[in-house]
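Engineer: The file below is entry_7.txt, compact mmCIF, C-alpha atoms:
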# COMPACT_ATOMS: atom_id res chain seq x y z
CA MET A 29 178.68 26.69 27.06
CA SER A 30 178.15 30.42 27.56
CA PRO A 31 175.36 31.60 29.91
CA PRO A 32 172.17 32.86 28.27
CA ALA A 33 172.03 36.58 27.55
CA ARG A 34 170.32 38.58 30.26
CA GLU A 35 167.05 40.15 29.18
CA ARG A 36 167.29 43.93 29.16
CA VAL A 37 165.19 45.85 31.67
CA ARG A 38 162.46 47.86 29.96
CA HIS A 39 162.43 51.54 30.99
CA ALA A 40 159.93 54.29 30.24
CA LEU A 41 160.44 57.95 31.12
CA VAL A 42 157.87 60.56 32.13
CA GLY A 43 158.86 64.21 31.98
CA ALA A 44 160.76 64.94 28.77
CA GLY A 45 162.41 68.22 29.74
CA ALA A 46 166.11 68.89 30.17
CA ARG A 47 166.28 66.74 33.32
CA ALA A 48 165.59 63.68 31.16
CA GLU A 49 168.67 64.04 28.97
CA MET A 50 171.12 62.30 31.30
CA PHE A 51 168.91 59.22 31.62
CA VAL A 52 167.98 59.09 27.93
CA ARG A 53 171.61 59.25 26.85
CA ALA A 54 172.70 56.68 29.45
CA LEU A 55 170.01 54.26 28.29
CA ALA A 56 170.76 54.78 24.60
CA LEU A 57 174.55 54.56 24.81
CA ASP A 58 176.18 53.59 28.09
CA HIS A 59 173.88 50.83 29.33
CA ALA A 60 172.21 49.53 26.20
CA ASP A 61 173.38 46.01 27.08
CA THR A 62 171.39 45.92 30.34
CA ALA A 63 168.60 48.47 29.86
CA ASP A 64 166.22 49.48 27.11
CA LEU A 65 164.31 52.76 26.67
CA VAL A 66 160.90 51.74 25.34
CA ALA A 67 158.67 54.85 25.68
CA LEU A 68 158.37 58.52 26.64
CA ALA A 69 155.49 60.37 28.28
CA ASP A 70 155.02 64.10 28.69
CA VAL A 71 152.40 66.84 28.62
CA ASN A 72 154.11 68.27 25.52
CA GLN A 73 154.51 66.34 22.25
CA ALA A 74 157.18 68.70 20.88
CA ARG A 75 159.51 67.89 23.75
CA MET A 76 159.13 64.17 23.21
CA ASP A 77 159.75 64.64 19.49
CA ALA A 78 162.97 66.52 20.31
CA HIS A 79 164.23 63.60 22.40
CA ASN A 80 163.41 61.18 19.59
CA ARG A 81 165.42 63.32 17.17
CA TRP A 82 168.38 63.22 19.55
CA LEU A 83 167.99 59.47 19.97
CA ALA A 84 168.26 59.12 16.21
CA GLU A 85 171.50 61.12 16.28
CA LEU A 86 172.83 58.57 18.78
CA GLY A 87 171.86 55.70 16.50
CA HIS A 88 168.89 54.65 18.65
CA PRO A 89 165.48 54.09 17.01
CA PRO A 90 162.69 56.47 18.04
CA VAL A 91 160.48 55.23 20.87
CA PRO A 92 156.69 55.47 21.19
CA THR A 93 155.41 58.66 22.82
CA TYR A 94 152.38 59.06 25.06
CA ARG A 95 150.53 61.99 26.50
CA ALA A 96 150.97 62.18 30.27
CA ALA A 97 147.24 61.54 30.68
CA ASP A 98 147.84 58.11 29.06
CA PHE A 99 150.65 57.19 31.45
CA THR A 100 149.10 53.97 32.78
CA THR A 101 148.16 52.90 29.25
CA MET A 102 151.82 53.28 28.29
CA LEU A 103 152.96 51.11 31.20
CA ALA A 104 150.72 48.23 30.17
CA LYS A 105 151.15 48.47 26.41
CA GLU A 106 154.94 48.79 26.50
CA ARG A 107 155.40 46.17 29.26
CA VAL A 108 157.44 48.58 31.36
CA ASP A 109 159.65 47.26 34.18
CA VAL A 110 161.06 50.55 35.53
CA VAL A 111 159.73 54.10 35.27
CA LEU A 112 162.07 57.09 35.30
CA VAL A 113 160.30 60.17 36.73
CA THR A 114 161.85 63.48 35.63
CA SER A 115 158.74 65.65 35.59
CA VAL A 116 157.94 68.83 37.57
CA ASP A 117 158.50 68.05 41.25
CA VAL A 118 154.90 68.53 42.37
CA THR A 119 153.77 65.78 39.95
CA HIS A 120 156.25 63.11 41.10
CA ASP A 121 153.89 61.39 43.52
CA GLU A 122 151.20 60.99 40.84
CA TYR A 123 153.51 59.06 38.51
CA VAL A 124 155.41 57.21 41.23
CA THR A 125 152.28 55.79 42.87
CA ALA A 126 150.63 54.91 39.54
CA ALA A 127 153.79 53.10 38.40
CA LEU A 128 154.09 51.16 41.66
CA ARG A 129 150.47 50.03 41.49
CA ALA A 130 151.01 48.95 37.88
CA GLY A 131 153.76 46.60 39.05
CA CYS A 132 156.75 48.74 38.09
CA ASP A 133 159.79 49.86 40.05
CA VAL A 134 160.62 53.57 39.96
CA VAL A 135 163.68 55.78 39.73
CA THR A 136 162.69 59.37 40.48
CA GLU A 137 164.62 62.59 40.27
CA LYS A 138 165.11 64.39 43.55
CA PRO A 139 163.27 65.64 45.47
CA MET A 140 161.02 62.60 45.83
CA THR A 141 158.09 65.03 46.20
CA VAL A 142 157.34 68.48 47.65
CA ASP A 143 155.18 68.07 50.77
CA ALA A 144 154.26 65.67 53.57
CA PRO A 145 150.88 64.43 52.19
CA ARG A 146 152.47 63.52 48.85
CA CYS A 147 155.36 61.84 50.65
CA ARG A 148 152.88 59.80 52.70
CA ARG A 149 151.11 58.65 49.52
CA ILE A 150 154.38 57.39 48.05
CA LEU A 151 155.37 55.54 51.22
CA GLU A 152 151.94 53.94 51.48
CA ALA A 153 152.13 52.78 47.85
CA VAL A 154 155.58 51.26 48.46
CA ALA A 155 154.25 49.37 51.50
CA GLU A 156 151.12 48.29 49.63
CA THR A 157 152.86 47.00 46.50
CA GLY A 158 156.28 45.87 47.72
CA ARG A 159 157.84 47.58 44.70
CA ARG A 160 161.03 49.64 44.84
CA VAL A 161 161.49 53.43 44.63
CA THR A 162 165.02 54.77 44.14
CA VAL A 163 165.68 58.51 44.45
CA ALA A 164 168.38 59.82 42.10
CA PHE A 165 170.55 61.54 44.69
CA ASN A 166 173.55 61.74 42.41
CA TYR A 167 175.70 63.55 44.97
CA ARG A 168 176.00 60.27 46.91
CA TYR A 169 178.06 59.00 43.96
CA ASN A 170 180.55 61.88 43.95
CA PRO A 171 183.99 60.37 44.78
CA LEU A 172 184.58 63.11 47.38
CA HIS A 173 181.34 62.32 49.16
CA GLU A 174 182.02 58.59 49.03
CA GLN A 175 185.36 59.20 50.74
CA VAL A 176 183.70 61.32 53.44
CA ARG A 177 181.26 58.47 54.05
CA ARG A 178 184.11 55.95 54.42
CA LEU A 179 186.12 58.15 56.78
CA LEU A 180 183.18 58.92 59.05
CA ALA A 181 181.95 55.33 59.07
CA ASP A 182 185.47 54.19 60.03
CA GLY A 183 185.41 56.53 63.04
CA THR A 184 188.26 58.69 61.75
CA VAL A 185 186.98 61.78 63.62
CA GLY A 186 185.36 59.75 66.41
CA GLU A 187 181.82 60.45 67.58
CA ILE A 188 180.34 63.26 65.52
CA GLY A 189 179.25 66.33 67.42
CA SER A 190 178.36 68.81 64.69
CA VAL A 191 178.36 69.56 60.97
CA HIS A 192 178.58 72.91 59.24
CA PHE A 193 177.50 72.92 55.58
CA GLU A 194 177.61 76.00 53.35
CA TRP A 195 176.41 75.81 49.74
CA LEU A 196 176.91 78.64 47.25
CA LEU A 197 175.02 78.87 43.96
CA ASP A 198 176.59 81.49 41.73
CA VAL A 199 174.66 84.16 39.86
CA ARG A 200 174.48 81.95 36.77
CA HIS A 201 173.28 78.71 38.36
CA GLY A 202 171.31 80.33 41.18
CA ALA A 203 169.50 82.67 38.81
CA ASP A 204 168.24 79.73 36.77
CA TYR A 205 165.89 78.63 39.57
CA PHE A 206 164.16 82.00 39.30
CA ARG A 207 163.53 81.75 35.53
CA ARG A 208 161.65 78.43 35.64
CA TRP A 209 158.77 76.72 37.40
CA HIS A 210 161.08 76.34 40.41
CA ARG A 211 160.36 80.01 41.29
CA GLU A 212 156.93 78.90 42.58
CA LYS A 213 157.10 77.08 45.92
CA ALA A 214 153.90 75.18 45.20
CA SER A 215 155.64 73.47 42.26
CA SER A 216 159.13 72.92 43.71
CA GLY A 217 158.89 73.14 47.48
CA GLY A 218 161.42 75.98 47.37
CA LEU A 219 165.19 75.62 47.41
CA LEU A 220 165.16 73.91 50.83
CA VAL A 221 163.29 71.03 49.17
CA HIS A 222 164.28 71.11 45.51
CA LYS A 223 167.98 71.89 45.90
CA ALA A 224 168.93 71.31 49.53
CA SER A 225 167.39 67.82 49.64
CA HIS A 226 170.67 66.77 47.98
CA HIS A 227 172.63 68.19 50.87
CA PHE A 228 170.32 67.03 53.64
CA ASP A 229 170.44 63.52 52.18
CA LEU A 230 174.24 63.59 52.29
CA VAL A 231 174.23 64.56 55.97
CA ASN A 232 171.71 61.81 56.79
CA TRP A 233 173.87 59.31 54.88
CA TRP A 234 177.17 60.48 56.35
CA LEU A 235 175.86 60.52 59.94
CA ASP A 236 173.66 57.43 59.53
CA ALA A 237 171.03 59.46 61.37
CA ARG A 238 167.67 61.12 60.90
CA PRO A 239 166.63 64.73 61.56
CA VAL A 240 164.63 65.28 64.74
CA GLU A 241 164.12 69.04 65.05
CA VAL A 242 164.69 71.91 62.63
CA HIS A 243 164.76 75.70 62.98
CA ALA A 244 165.15 77.95 59.92
CA ALA A 245 165.31 81.55 58.81
CA GLY A 246 165.34 82.90 55.28
CA ARG A 247 164.03 85.42 52.81
CA LEU A 248 163.91 86.49 49.18
CA PHE A 249 166.80 88.92 49.36
CA PHE A 250 168.24 89.22 45.85
CA TYR A 251 165.87 87.98 43.14
CA GLY A 252 162.24 88.82 42.44
CA GLU A 253 161.15 92.36 43.17
CA ALA A 254 164.17 92.83 45.45
CA GLY A 255 166.18 93.27 42.27
CA ARG A 256 164.88 96.79 41.91
CA ARG A 257 166.31 97.72 45.30
CA HIS A 258 169.72 96.38 44.27
CA GLY A 259 169.67 98.09 40.88
CA TYR A 260 169.43 94.96 38.69
CA ALA A 261 165.80 95.02 37.59
CA ARG A 262 164.81 95.31 33.94
CA ASP A 263 161.25 95.89 32.78
CA TYR A 264 160.41 92.71 30.86
CA ASP A 265 158.57 89.50 31.68
CA ARG A 266 160.57 86.98 29.63
CA ALA A 267 163.88 87.36 27.78
CA HIS A 268 163.03 86.08 24.29
CA GLY A 269 162.00 88.94 22.03
CA SER A 270 162.42 91.57 24.76
CA PRO A 271 164.72 94.52 23.91
CA ALA A 272 165.09 95.29 27.62
CA ALA A 273 166.74 91.88 28.10
CA ALA A 274 169.43 92.47 25.46
CA ASP A 275 172.08 93.68 27.94
CA ASP A 276 170.81 91.84 31.02
CA PRO A 277 173.48 89.41 32.33
CA PHE A 278 170.71 87.49 34.12
CA ALA A 279 168.73 86.82 30.93
CA LEU A 280 168.73 83.33 29.41
CA ARG A 281 168.82 83.50 25.61
CA LEU A 282 166.94 80.39 24.58
CA ALA A 283 167.43 80.92 20.86
CA GLU A 284 171.21 80.66 21.31
CA HIS A 285 171.05 77.19 22.88
CA PRO A 286 169.86 74.61 20.30
CA ARG A 287 168.70 72.00 22.80
CA LEU A 288 166.87 74.45 25.03
CA ARG A 289 165.31 76.04 21.97
CA GLU A 290 163.93 72.68 20.85
CA LEU A 291 162.72 71.65 24.30
CA TYR A 292 161.15 74.93 25.31
CA LEU A 293 161.02 77.79 22.81
CA ASP A 294 159.80 75.59 19.95
CA ALA A 295 157.38 73.79 22.30
CA GLU A 296 155.70 76.85 23.82
CA ALA A 297 152.74 76.78 21.46
CA GLU A 298 151.48 73.56 23.07
CA ASP A 299 151.44 74.48 26.73
CA GLY A 300 152.55 78.11 27.05
CA TYR A 301 155.46 77.26 29.38
CA GLN A 302 158.19 79.92 29.32
CA ARG A 303 161.69 78.80 30.33
CA ASP A 304 163.29 82.27 30.30
CA ARG A 305 161.37 84.40 32.80
CA ASN A 306 162.92 87.59 34.15
CA VAL A 307 164.52 86.61 37.47
CA PHE A 308 163.51 90.01 38.91
CA ALA A 309 159.91 89.90 37.75
CA PRO A 310 157.04 89.68 40.26
CA GLY A 311 155.62 86.29 41.23
CA VAL A 312 158.62 84.62 42.89
CA THR A 313 157.46 82.71 45.97
CA ILE A 314 160.72 80.95 46.94
CA GLU A 315 163.60 82.25 49.03
CA ASP A 316 167.20 82.80 47.89
CA ASP A 317 169.03 83.17 51.24
CA LEU A 318 168.40 80.42 53.80
CA ALA A 319 169.81 79.30 57.15
CA VAL A 320 168.95 76.04 58.94
CA LEU A 321 169.79 74.58 62.34
CA ALA A 322 168.98 70.87 62.66
CA ARG A 323 169.31 68.32 65.46
CA TYR A 324 169.69 64.62 64.63
CA SER A 325 168.77 61.33 66.27
CA THR A 326 172.42 60.80 67.32
CA GLY A 327 172.50 64.14 69.15
CA ALA A 328 174.65 65.78 66.47
CA THR A 329 173.66 69.18 65.10
CA MET A 330 173.99 70.77 61.66
CA THR A 331 174.21 74.42 60.70
CA TYR A 332 173.44 74.90 57.00
CA HIS A 333 173.37 77.93 54.74
CA LEU A 334 172.31 78.21 51.12
CA THR A 335 173.07 81.35 49.11
CA ALA A 336 171.62 81.49 45.58
CA TYR A 337 173.32 84.69 44.41
CA ALA A 338 177.04 84.12 45.12
CA PRO A 339 179.93 85.32 42.91
CA TRP A 340 181.37 81.78 42.85
CA GLU A 341 179.98 78.26 42.93
CA GLY A 342 180.91 75.60 45.45
CA TYR A 343 180.52 74.36 49.00
CA ARG A 344 182.25 73.80 52.32
CA VAL A 345 181.55 71.01 54.79
CA MET A 346 183.12 70.75 58.23
CA VAL A 347 182.52 67.73 60.49
CA ASN A 348 183.59 68.07 64.14
CA GLY A 349 184.16 64.89 66.14
CA SER A 350 185.63 63.56 69.38
CA ARG A 351 188.93 62.73 67.65
CA GLY A 352 189.29 65.59 65.20
CA ARG A 353 187.72 67.39 62.28
CA LEU A 354 187.12 66.62 58.60
CA GLU A 355 186.94 69.52 56.11
CA LEU A 356 185.73 69.38 52.51
CA ASP A 357 186.25 72.47 50.36
CA VAL A 358 184.99 72.42 46.74
CA THR A 359 185.15 75.21 44.17
CA GLU A 360 183.17 74.31 41.06
CA SER A 361 183.70 77.71 39.42
CA ASP A 362 185.72 80.48 41.06
CA HIS A 363 183.77 83.24 39.31
CA VAL A 364 181.20 83.77 36.56
CA SER A 365 182.81 85.13 33.42
CA PRO A 366 180.92 87.88 31.55
CA ALA A 367 180.71 85.62 28.49
CA GLY A 368 179.15 82.83 30.57
CA ALA A 369 176.74 84.89 32.65
CA GLY A 370 173.69 84.10 30.54
CA ALA A 371 174.87 80.68 29.45
CA LEU A 372 173.26 77.29 29.80
CA LYS A 373 173.29 76.17 33.40
CA GLY A 374 174.54 72.60 33.10
CA ALA A 375 177.73 72.38 31.07
CA ALA A 376 179.00 75.87 31.83
CA LEU A 377 178.39 75.42 35.52
CA HIS A 378 180.74 72.48 35.72
CA GLY A 379 183.44 74.03 33.60
CA ASP A 380 182.85 72.50 30.17
CA GLU A 381 182.45 75.84 28.40
CA ALA A 382 184.44 78.42 30.33
CA ALA A 383 188.07 77.49 30.78
CA VAL A 384 188.78 80.86 32.44
CA GLU A 385 186.67 79.76 35.42
CA HIS A 386 188.81 77.63 37.70
CA GLY A 387 187.84 75.06 40.28
CA GLY A 388 189.23 72.44 42.59
CA ALA A 389 188.58 70.30 45.63
CA ARG A 390 190.37 69.54 48.87
CA LEU A 391 189.56 67.03 51.61
CA THR A 392 191.50 67.59 54.84
CA LEU A 393 191.62 65.53 58.02
CA ARG A 394 192.65 67.44 61.14
CA PRO A 395 193.28 64.95 63.96
CA PHE A 396 193.93 66.05 67.53
CA TRP A 397 197.62 66.63 68.40
CA ALA A 398 198.88 66.03 64.87
CA PRO A 399 199.40 68.03 61.66
CA PRO A 400 196.54 68.14 59.11
CA VAL A 401 196.48 65.48 56.42
CA ASP A 402 195.30 66.00 52.83
CA VAL A 403 193.19 62.97 51.92
CA PRO A 404 193.62 61.88 48.28
CA VAL A 405 190.47 61.31 46.24
CA ASP A 406 190.59 59.64 42.84
CA GLY A 407 187.98 60.24 40.17
CA TRP A 408 186.68 63.70 41.07
CA THR A 409 186.04 66.02 38.12
CA ARG A 410 184.32 69.35 37.63
CA GLN A 411 182.03 67.76 35.04
CA GLY A 412 178.84 65.80 35.70
CA HIS A 413 178.41 66.73 39.38
CA GLY A 414 181.95 65.70 40.30
CA GLY A 415 181.77 62.58 38.13
CA ALA A 416 178.70 61.40 40.02
CA ASP A 417 176.22 61.24 37.12
CA ALA A 418 178.05 58.50 35.24
CA ARG A 419 178.73 56.56 38.45
CA MET A 420 175.05 56.75 39.42
CA THR A 421 173.72 55.50 36.10
CA ARG A 422 176.16 52.57 36.24
CA VAL A 423 174.45 51.47 39.46
CA LEU A 424 170.83 52.39 38.66
CA LEU A 425 170.78 51.35 35.00
CA GLY A 426 173.83 49.14 34.55
CA GLY A 427 173.51 46.92 37.60
CA GLU A 428 176.95 47.76 39.00
CA PRO A 429 177.53 46.56 42.59
CA ASP A 430 176.86 49.16 45.28
CA PRO A 431 178.75 48.22 48.48
CA LEU A 432 178.45 51.76 49.89
CA GLY A 433 174.66 51.66 49.71
CA ARG A 434 174.46 54.76 47.54
CA ALA A 435 171.13 53.87 45.91
CA ALA A 436 168.67 55.91 47.99
CA THR A 437 165.34 54.28 48.86
CA ALA A 438 161.94 55.90 49.34
CA HIS A 439 162.71 55.90 53.06
CA ASP A 440 165.92 57.85 52.34
CA GLY A 441 164.00 60.20 50.07
CA ALA A 442 161.54 60.92 52.86
CA LEU A 443 164.32 61.57 55.39
CA ALA A 444 165.93 64.06 53.01
CA LEU A 445 162.59 65.79 52.58
CA PHE A 446 161.98 66.05 56.30
CA THR A 447 164.70 68.61 56.95
CA GLY A 448 163.50 70.83 54.11
CA LEU A 449 159.80 70.48 54.91
CA ALA A 450 160.38 71.16 58.61
CA ALA A 451 162.54 74.15 57.65
CA ASN A 452 159.77 75.50 55.42
CA ARG A 453 157.31 75.14 58.30
CA SER A 454 159.76 76.95 60.57
CA LEU A 455 160.03 79.79 58.03
CA ASP A 456 156.26 80.19 58.29
CA THR A 457 155.99 79.96 62.07
CA GLY A 458 159.30 81.39 63.26
CA ALA A 459 159.62 78.47 65.69
CA PRO A 460 161.52 75.16 65.78
CA VAL A 461 159.63 72.25 64.20
CA ARG A 462 159.73 68.63 65.31
CA VAL A 463 159.99 66.36 62.29
CA ALA A 464 157.64 63.81 63.87
CA ASP A 465 154.89 66.44 63.79
CA LEU A 466 155.03 66.39 59.98
CA LEU A 467 155.22 62.68 59.27
CA THR A 468 156.29 59.59 61.16
CA LEU A 469 158.45 56.93 59.57
CA PRO A 470 158.70 53.34 60.83
Let me see whether you can do it: turn the structure in this file into structure tokens.
Structural biologist:
Amino acid sequence: MSPPARERVRHALVGAGARAEMFVRALALDHADTADLVALADVNQARMDAHNRWLAELGHPPVPTYRAADFTTMLAKERVDVVLVTSVDVTHDEYVTAALRAGCDVVTEKPMTVDAPRCRRILEAVAETGRRVTVAFNYRYNPLHEQVRRLLADGTVGEIGSVHFEWLLDVRHGADYFRRWHREKASSGGLLVHKASHHFDLVNWWLDARPVEVHAAGRLFFYGEAGRRHGYARDYDRAHGSPAAADDPFALRLAEHPRLRELYLDAEAEDGYQRDRNVFAPGVTIEDDLAVLARYSTGATMTYHLTAYAPWEGYRVMVNGSRGRLELDVTESDHVSPAGAGALKGAALHGDEAAVEHGGARLTLRPFWAPPVDVPVDGWTRQGHGGADARMTRVLLGGEPDPLGRAATAHDGALALFTGLAANRSLDTGAPVRVADLLTLP
């Protein structure tokens, strides 16, 4: 006698922008046997309608849609088990805490939130309800990063003394943060929160440690009004319909990208949100060149640098230990081709559109008194964040076993935030910041 079929977990999603696409597709196609998408919520009906059209193309029936103001009504009416939060970062805590108190578990896009008070509200709601929050740190699921975790946990380089981490966003990907709501620190927390929380989470995970003290320096060097000094500025506010944007390699042409056109250009009449701002226009309140020095609970230190205007895309990580050194060198795209300069961030960034842009990855172990060893890594690809997206959804939506502990908890989400939040405070004060002065975790 065969076992009874397992009831599918009922998922609803709030925040129907481009960040939702990975989850919607995974629910509709890859994990339809274990998970069910039952509703969408957003501030904009046109965006939800676009997702329902795409669901139909995948052979999935349309799902009920709710205005964001009716979020809790949706949870009750649709009997939701798990909420996927892919909204603007500053709104995460509102939906996460409401979902927890309604008896749901939550999967939220990174960063978990953007400041210490909002982080505290989420942690208090987790403690109050006993429900689960998982932060979608997809870089934990990259095969390269999994191998780094194994090697460090096995003591391959001995006791860890220091980490150097350099991340380069090229002038296609980096520019995209200055076209959108991310350009305002109040909405995104800046790149040290929105983007670097990925990287700070990896270091916490790799070291099995928490940040203790952080010192940072940074500025808006390239984008915003600095573009005039460098000779890149054009006199327009947004690209669509602007003659001055016609020859601007930094302009995003929404009308040329069908999905972005449906999600944003065709939806503007409802909320006025413009997805294609001039990256050199006034009003940018985030930095694009950032340096961080962090000390951890184990005594190890990290030096970190984020550049958002590089000619190539990738990162370098060096871990120094008492028995040797581990080096990770990843090139996602070795340059930005002229044809791809104003292209869609996602697919082009990871090599799907521009074959002329090469990439690769190398993991090297350098033990004391022995030649370096190239460590083989199976499964890495330039697509989908190194293959991490599909691996993550198999765990979070498909119930795949997770022996490496990649599924990040609310506690992990807070630890990742701490480095960025302390760094932001240090940018303001010019002094080192103790993490415990921002928020204390049990």
Engineer: Counting only C-alpha atoms, give me one row per residue of range 226-332 of chain A with an atom at most 7 Å from an atom of range 455-468 of chain A, showing the shortest contact pair and its distance in Å to one decimal, sorted by chain then residue number, as a tab-separated table.
Structural biologist:
residue	atom	partner	partner_atom	distance
A:Pro239	CA	A:Val463	CA	6.9
A:Val240	CA	A:Val463	CA	5.4
A:Glu241	CA	A:Arg462	CA	4.4
A:Val242	CA	A:Val461	CA	5.3
A:His243	CA	A:Pro460	CA	4.3
A:Ala244	CA	A:Leu455	CA	5.8
A:Ala245	CA	A:Leu455	CA	5.6
A:Gly246	CA	A:Leu455	CA	6.7
Engineer: If you count only C-alpha atoms, which residues fall within 12 Å of Arg75 in chain A, apart from same-chain ones fewer than 6 positions away, as a CSV table (one decimal) with C-alpha atoms, in the coordinates of the input?
Structural biologist:
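around18.csv, written as the output of this step:
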chain,number,residue,atom,x,y,z
A,42,VAL,CA,157.9,60.6,32.1
A,43,GLY,CA,158.9,64.2,32.0
A,44,ALA,CA,160.8,64.9,28.8
A,45,GLY,CA,162.4,68.2,29.7
A,46,ALA,CA,166.1,68.9,30.2
A,47,ARG,CA,166.3,66.7,33.3
A,48,ALA,CA,165.6,63.7,31.2
A,49,GLU,CA,168.7,64.0,29.0
A,68,LEU,CA,158.4,58.5,26.6
A,69,ALA,CA,155.5,60.4,28.3
A,81,ARG,CA,165.4,63.3,17.2
A,82,TRP,CA,168.4,63.2,19.6
A,93,THR,CA,155.4,58.7,22.8
A,94,TYR,CA,152.4,59.1,25.1
A,95,ARG,CA,150.5,62.0,26.5
A,287,ARG,CA,168.7,72.0,22.8
A,288,LEU,CA,166.9,74.4,25.0
A,289,ARG,CA,165.3,76.0,22.0
A,290,GLU,CA,163.9,72.7,20.8
A,291,LEU,CA,162.7,71.6,24.3
A,292,TYR,CA,161.2,74.9,25.3
A,293,LEU,CA,161.0,77.8,22.8
A,294,ASP,CA,159.8,75.6,20.0
A,295,ALA,CA,157.4,73.8,22.3
A,296,GLU,CA,155.7,76.8,23.8
A,297,ALA,CA,152.7,76.8,21.5
A,298,GLU,CA,151.5,73.6,23.1
A,299,ASP,CA,151.4,74.5,26.7
A,301,TYR,CA,155.5,77.3,29.4
Engineer: Rounded to one decimal, what separation in Å do you get between CA of Gly414 in chain A and CA of Leu219 in chain A?
Structural biologist: 20.7 Å
Engineer: Within 12 Å of Leu57 in chain A, counting only C-alpha atoms, which residues qualify if same-chain residues fewer than 2 places away don't, as a ChimeraX atom specification?
Structural biologist: /A:49-55,59-65,82-89,418,421-422,425-426
Engineer: In Å to one decimal, how far is CA of Arg256 in chain A from CA of Leu197 in chain A?
Structural biologist: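 Pair CA of Leu197 in chain A / CA of Arg256 in chain A returns 20.7 Å.
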Engineer: I'd like to know which of A:Ala126, A:Leu321, A:Val307, A:Met330 is closest to Thr157 in chain A, using all atoms listed in the file.
Structural biologist: A:Ala126
Engineer: The residues within 12 Å of (170.8, 88.3, 25.4), using all atoms listed in the file and the coordinates of the file, should be reported as a PyMOL selection string; which are they?
Structural biologist: chain A and resi 266-285+304+306+366-371
Engineer: With N, CA, C and O atoms as the atom set, please write range 394-405 of chain A from the structure just given, as an mmCIF file, in the first residue's frame.
Structural biologist:
data_model
loop_
_atom_site.group_PDB
_atom_site.id
_atom_site.type_symbol
_atom_site.label_atom_id
_atom_site.label_comp_id
_atom_site.auth_asym_id
_atom_site.auth_seq_id
_atom_site.Cartn_x
_atom_site.Cartn_y
_atom_site.Cartn_z
ATOM 1 N N ARG A 394 46.364 26.832 -0.546
ATOM 2 C CA ARG A 394 47.811 27.035 -0.469
ATOM 3 C C ARG A 394 48.299 26.644 0.926
ATOM 4 O O ARG A 394 48.390 27.481 1.820
ATOM 5 N N PRO A 395 48.627 25.374 1.114
ATOM 6 C CA PRO A 395 49.105 24.933 2.433
ATOM 7 C C PRO A 395 50.542 25.388 2.662
ATOM 8 O O PRO A 395 51.284 25.693 1.724
ATOM 9 N N PHE A 396 50.955 25.438 3.919
ATOM 10 C CA PHE A 396 52.347 25.725 4.226
ATOM 11 C C PHE A 396 53.245 24.602 3.685
ATOM 12 O O PHE A 396 52.888 23.418 3.730
ATOM 13 N N TRP A 397 54.408 24.986 3.162
ATOM 14 C CA TRP A 397 55.460 24.052 2.766
ATOM 15 C C TRP A 397 55.013 23.023 1.722
ATOM 16 O O TRP A 397 55.481 21.890 1.704
ATOM 17 N N ALA A 398 54.105 23.431 0.859
ATOM 18 C CA ALA A 398 53.645 22.514 -0.189
ATOM 19 C C ALA A 398 53.125 23.337 -1.366
ATOM 20 O O ALA A 398 52.723 24.492 -1.200
ATOM 21 N N PRO A 399 53.131 22.783 -2.562
ATOM 22 C CA PRO A 399 52.616 23.508 -3.724
ATOM 23 C C PRO A 399 51.109 23.786 -3.577
ATOM 24 O O PRO A 399 50.397 23.057 -2.877
ATOM 25 N N PRO A 400 50.601 24.817 -4.245
ATOM 26 C CA PRO A 400 49.160 25.089 -4.220
ATOM 27 C C PRO A 400 48.376 23.978 -4.900
ATOM 28 O O PRO A 400 48.878 23.291 -5.795
ATOM 29 N N VAL A 401 47.130 23.819 -4.444
ATOM 30 C CA VAL A 401 46.258 22.775 -4.966
ATOM 31 C C VAL A 401 44.974 23.410 -5.474
ATOM 32 O O VAL A 401 44.299 24.147 -4.735
ATOM 33 N N ASP A 402 44.619 23.145 -6.727
ATOM 34 C CA ASP A 402 43.323 23.578 -7.252
ATOM 35 C C ASP A 402 42.248 22.623 -6.750
ATOM 36 O O ASP A 402 42.326 21.408 -6.959
ATOM 37 N N VAL A 403 41.253 23.175 -6.069
ATOM 38 C CA VAL A 403 40.184 22.361 -5.489
ATOM 39 C C VAL A 403 39.043 22.249 -6.495
ATOM 40 O O VAL A 403 38.475 23.261 -6.903
ATOM 41 N N PRO A 404 38.677 21.056 -6.926
ATOM 42 C CA PRO A 404 37.582 20.914 -7.893
ATOM 43 C C PRO A 404 36.236 21.225 -7.243
ATOM 44 O O PRO A 404 36.007 20.916 -6.071
ATOM 45 N N VAL A 405 35.364 21.859 -8.020
ATOM 46 C CA VAL A 405 34.012 22.174 -7.558
ATOM 47 C C VAL A 405 33.046 21.803 -8.668
ATOM 48 O O VAL A 405 33.130 22.334 -9.777
#
